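Colleague: Have a look at this one before I ask anything.
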Amino acid sequence: MFHRFIVPVLVCLMLGCGKSSTSKKSDNPSVHPQILNLGNGAEPEGLDPHVVTGVPEHNVLVALIEGLVGEDPKDLHPVPGVAERWENSEDGLVWTFHLRSNARWSTGDTVTAQDFVLSYKRMLSPKLASQYAYMLHVVKNAKEFNAGKIKDFSRVGFEAVDEHTLKITLAGPTPYFLSLLNHYSWFPVHIPTVKKYGPVDSPNNPWTRPGNFVGNGPFVLDKWEVNDVIVVKKSPTYWDKAKVSLKEINFKPISSAEVEERAFRSGQIHVSNTIPLNKIDVYRKKNPQDLRLDPYLGVYFYRLNVTEPPLDNKKVRQALGLAIDRESLVRNVLRGADKPTTFFTPPDTGGYTYNGGPKISFDPDRASRLLAEAGYPQGKGFPKLKLLYNTSEAHQRIAEAIQQMWQNNLKVQIELTNEEWKVYLNTQQKMEYQVSRAGWIGDYNDPNTFLDMWLTGGGNNYTGFANEKFDQLIASASQESDSQKRFSLFGKAEEILLDEMPIIPIYHYTSKYLASPKVKGWHPTILNHHPYKHVSIKPGD
Amino acid sequence: MWKLIFFRLLKAIPVLLVIATITFFMLRLTPGGPFDREKPIKDPEIKKQLEAHYGLDKPLSAQYLEFLGKLMVGDLGPSFKHSNRTVNEVIVKAFPVSAELGLWSLLVALGLGLTAGMIASIRPNSFLDYTPMTLAMVGICVPTFVMGPILILVFSLKLEWFNASGWDQWADRVLPALTLGGVYAAYVARLTRGGMLEVMSQDYIRTARAKGASEARVLLKHGLRGGLMPVVAFLGPAVAGLISGSFVVETIFQIPGLGRHFVEAAFNRDYTMVMGTVLFFAALIILLNLLVDIIQVWLNPRLRGT
């Protein structure tokens, strides 16, 4: 009996059924026109924009809620959202947003300036302990209110001038302010609804369940089955509903890249969240039209613990940085999918690209000279270095390649250690490592999100790097409103960072995923955002 | 019999308590917490507030007592990761899915396994024996994470009979049940064959034959009842394993079952969810083992009265 199914399997294997890897694409009857099926990585932690922290959450939330501004589908520049226009005062400190009068919640209520003020009060309330509250700290007194030092919210820089006018006063000029507003921490919530289902400042409030959820976005929440699917349907109350082509979006939390790839191949999803590394070449050859490799606002790098020998010596750090052949690493290990880099901030982050002096190119001769100058000629007397990464096949392969490069080019011994994700985070935060694999995704499209983390004692520094001049440059950049001058300050700061090298940049990320050519309006964007109101499915398919 | 059940249930209480205690403290001793992430909380104030909200700022002993207190009234608390759901809700929602998959798999395991085992035992060491037993060996050796993708490649991507993933329609049950049940079917087949061969050589089988019972009756009525003993003993832990959900099979087929929550909770350091799922599974296994003992007594008269 057993053989009834195993025999066909074996026969099929012999006939090579398994080799048909990417050719089939059935028209699944469950895939109706204008119903978009998306692979969404992990199951969202929740759908409360003031509580959640991740990317899968973002992908769903932007369908359900609209902020003051929206994003252009091609280059993500801020376009009118709930606010139809806005002004900035001459000193750059006061922003006035004029809300459109036809913006509606899914209950039919008008979206008012007061809704935004109350939402921000909730976001900043110490009791809610929102992990992204710092995104609002650019606003006057927001940080103090968030820390509980100020109790009176009217002293925070949010003011509803009238029903449709919102005034925001900043703590200092923030040239990237508008691009912050696209982050869900800045999204409004319908406070009466939140209050209806529990305390307004409780992270466990169930107001986000289907049936309870009230949003103001182009879609409304229809169904939410944990680990199965989140379904959103076109909203009848959205002010710009005429522009929305999709009738429905299904977000499928498929956490395994292999499982997701098979779902894509069988036509169950239109766009995947990622793609297994070893499938990239297969798609390049057989189905290049499905493969998407879009530059992404993230960087893969190694942290160096500069507080302990031998890495407290700048020359040793530079030697390590110069001894990595990033081109070869990306080509051979990463199948050419990511961009090898010689600097830290991804190119064209909010218009900024590093073009300063010392870039960290591959220079094994100089590397071994530097190591000799540091007192370790030919690696002699150099203690064995520990390289830490979180357990994952991809990180391991990269670490092995770099281990070999360092051993060959510098004659130093490297020991690889891997730790389970949370253990690794803990080790890194306590700085009980020597070299540690790391990655950073920008919170918003501005170089500040990549550079301010290296401030002395910065919350995400974890290298022991402290440089007064660097700190000053970042501080002056945050007060500068002229973007060219600002970028040149960032450039000088990044130059110091690359010269001191508490970190070794390795490559800049690309978003690697699969997308059916049927899906229109899905443009490559640096944050991998795809405003759904501009997305449609080609009719006829 | 009732006494047996009563005492076994009574004994389960300290067992569960020990499991709860060990899990609780092991979990807290593991490095990394529920709110550690790549982008850690920038503000120490915020982290303090968050820990205060979930009671993590109290001494460990106080947390433990509070946990036990809530456990007594069946409140497992909110999930740390999925902040707007309680652990109770998640279990209530996900367990039936795992259980359904488990029951289908059990059907596959028993259907294929018993049949193959019986066929093999009729003519030992013949072609009829070797074929199913070889296949059973293959079934034992091929792990689910190989079998699942192979079945998908053939039946979903090539033949297009089934969906590659999901848990929406009746047909979505077929491939996962074959994958999960296949492994157990292989064990059941081997155990059935062994049990049957032993029983068929017993005196009471000869007696049955001598009294003129038909061969089918001898095999199914007299033989199977005794021959099933090893299978039943195996089924206790097997059923527990089947219905508690397989992380691998649930992941491969994108099934929203409890097995995934169980494993992911540990990775997320979702303290409440880990405690909830561990205790739930522990209780389930205790119950199923008790059930197996009862069935064994019913099947084997020699065990009665002990």
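Following the order of the structure tokens, chains are lettered A, B, ..., residues in each are numbered from 1, and ligands are numbered from 1.
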Mind listing the alpha helix (DSSP H) residues of segment 5-239 of chain A, per DSSP on the backbone, as a ChimeraX atom specification?

Modeller: /A:5-15,55-64,113-124,142-146,177-180,191-197

Colleague: Pull C-alpha atoms from the residues just selected and write them as a short mmCIF file (atom, residue, chain, number, x, y, z; two decimals), in the first residue's frame.

Modeller:
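Just written: result_39.cif:
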data_model
loop_
_atom_site.label_atom_id
_atom_site.label_comp_id
_atom_site.auth_asym_id
_atom_site.auth_seq_id
_atom_site.Cartn_x
_atom_site.Cartn_y
_atom_site.Cartn_z
CA PHE A 5 2.35 6.75 -3.58
CA ILE A 6 6.02 6.19 -3.26
CA VAL A 7 6.33 4.41 -6.60
CA PRO A 8 4.95 7.29 -8.67
CA VAL A 9 7.26 9.57 -6.74
CA LEU A 10 10.30 7.47 -7.58
CA VAL A 11 9.23 7.03 -11.18
CA CYS A 12 8.71 10.73 -11.51
CA LEU A 13 12.07 11.46 -9.98
CA MET A 14 13.70 9.15 -12.47
CA LEU A 15 11.91 10.87 -15.30
CA VAL A 55 8.83 45.15 8.13
CA PRO A 56 5.99 42.59 7.69
CA GLU A 57 3.94 44.86 9.94
CA HIS A 58 4.78 47.84 7.76
CA ASN A 59 3.66 46.01 4.64
CA VAL A 60 0.17 45.47 6.06
CA LEU A 61 -0.18 48.77 7.90
CA VAL A 62 0.40 50.96 4.86
CA ALA A 63 -2.62 49.30 3.27
CA LEU A 64 -4.80 50.07 6.29
CA ALA A 113 -6.04 67.35 13.12
CA GLN A 114 -7.13 66.42 16.64
CA ASP A 115 -6.97 62.72 15.66
CA PHE A 116 -3.30 63.18 14.84
CA VAL A 117 -2.54 65.05 18.05
CA LEU A 118 -4.24 62.38 20.18
CA SER A 119 -2.46 59.64 18.25
CA TYR A 120 0.91 61.25 18.90
CA LYS A 121 0.03 61.67 22.55
CA ARG A 122 -0.66 57.96 22.69
CA MET A 123 2.53 57.13 20.79
CA LEU A 124 4.60 59.14 23.23
CA ALA A 142 8.52 64.95 22.61
CA LYS A 143 11.51 63.21 24.15
CA GLU A 144 10.85 64.76 27.53
CA PHE A 145 7.17 63.80 27.49
CA ASN A 146 8.10 60.28 26.38
CA PHE A 177 11.30 65.39 8.50
CA LEU A 178 8.82 64.62 5.70
CA SER A 179 10.38 61.25 4.98
CA LEU A 180 9.99 60.34 8.66
CA ILE A 191 -8.67 56.90 19.40
CA PRO A 192 -12.41 56.29 20.11
CA THR A 193 -11.98 52.78 18.71
CA VAL A 194 -8.84 52.12 20.71
CA LYS A 195 -10.62 53.28 23.87
CA LYS A 196 -13.61 51.10 23.12
CA TYR A 197 -11.54 47.91 23.36
#

Colleague: Please identify all residues of chain B having at least one atom at most 8 Å from any atom of chain A, considering only C-alpha atoms, and return them as a ChimeraX atom specification.

Modeller: /B:30-33,36-43,45-47,49-50,53,78,81-85,112-113,115-116,132,135-136,150-151,153-154,156-158,160,163-167,182,185,251-257,267-269

Colleague: Atom CA of Thr179 of chain B to atom CA of Glu264 of chain B: how many Å, to one decimal?

Modeller: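 About the pair atom CA of Thr179 of chain B and atom CA of Glu264 of chain B: they are 21.4 Å apart.
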
Colleague: Take atom CA of Gly92 of chain A and atom CA of Asp471 of chain A and report the distance between them in Å, one decimal.

Modeller: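 Here the two named atoms are 22.5 Å from each other.
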
Colleague: From the set B:Gly276, B:Gly194, B:Gly181, B:Gly212, which residue has the shortest atom-to-atom contact distance to Gly241 of chain B, counting only C-alpha atoms?

Modeller: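 Ranking B:Gly276, B:Gly194, B:Gly181, B:Gly212 by distance to Gly241 of chain B, first place goes to B:Gly181.
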
Colleague: If you count only C-alpha atoms, which residues fall within 6 Å of segment 486-500 of chain A, apart from same-chain ones fewer than 4 positions away, as a list in words?

Modeller: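 Residues meeting the cut-off are Tyr354, Phe470, Leu473, Ala477 and Glu480 of chain A.
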
Colleague: How about saving the chosen residues, C-alpha atoms kept, as a PDB file, in the first residue's frame?

Modeller:
ATOM      1  CA  TYR A 354      29.809  59.018   0.195  1.00  0.00           C
ATOM      2  CA  PHE A 470      32.773  62.625  14.647  1.00  0.00           C
ATOM      3  CA  LEU A 473      30.132  66.715  12.818  1.00  0.00           C
ATOM      4  CA  ALA A 477      24.710  68.198  10.548  1.00  0.00           C
ATOM      5  CA  GLU A 480      22.127  72.382   9.232  1.00  0.00           C
TER       6      GLU A 480
END

Colleague: Excluding Pro447 of chain A and its own-chain neighbours fewer than 3 positions away, which residues fall within 8 Å of it when counting only C-alpha atoms? Please give them as a list in words.

Modeller: Thr345, Thr349, Gly350, Tyr352, Phe450, Leu451 and Phe490 of chain A

Colleague: I want to know what sits within 8 Å of Lys512 of chain A, based on only C-alpha atoms, with residues of the same chain fewer than 4 positions away left out; could you give that as a list of chain:residue names?

Modeller: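 Contacts, in chain order: A:Asn273, A:Thr274, A:Ile275, A:Leu291, A:Arg292, A:Leu293, A:Asp294, A:Ala337.
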
Colleague: Please measure the separation of atom CA of Thr110 of chain A and atom CA of Pro188 of chain A, giving the value in Å to one decimal.

Modeller: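 A separation of 12.4 Å between them.
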
Colleague: Of the residues A:Arg397, A:Lys286, A:His270, A:Lys411, which is the one nearest to Asn37 of chain A, using only C-alpha atoms?

Modeller: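 Among the listed residues, the smallest separation from Asn37 of chain A belongs to A:His270.
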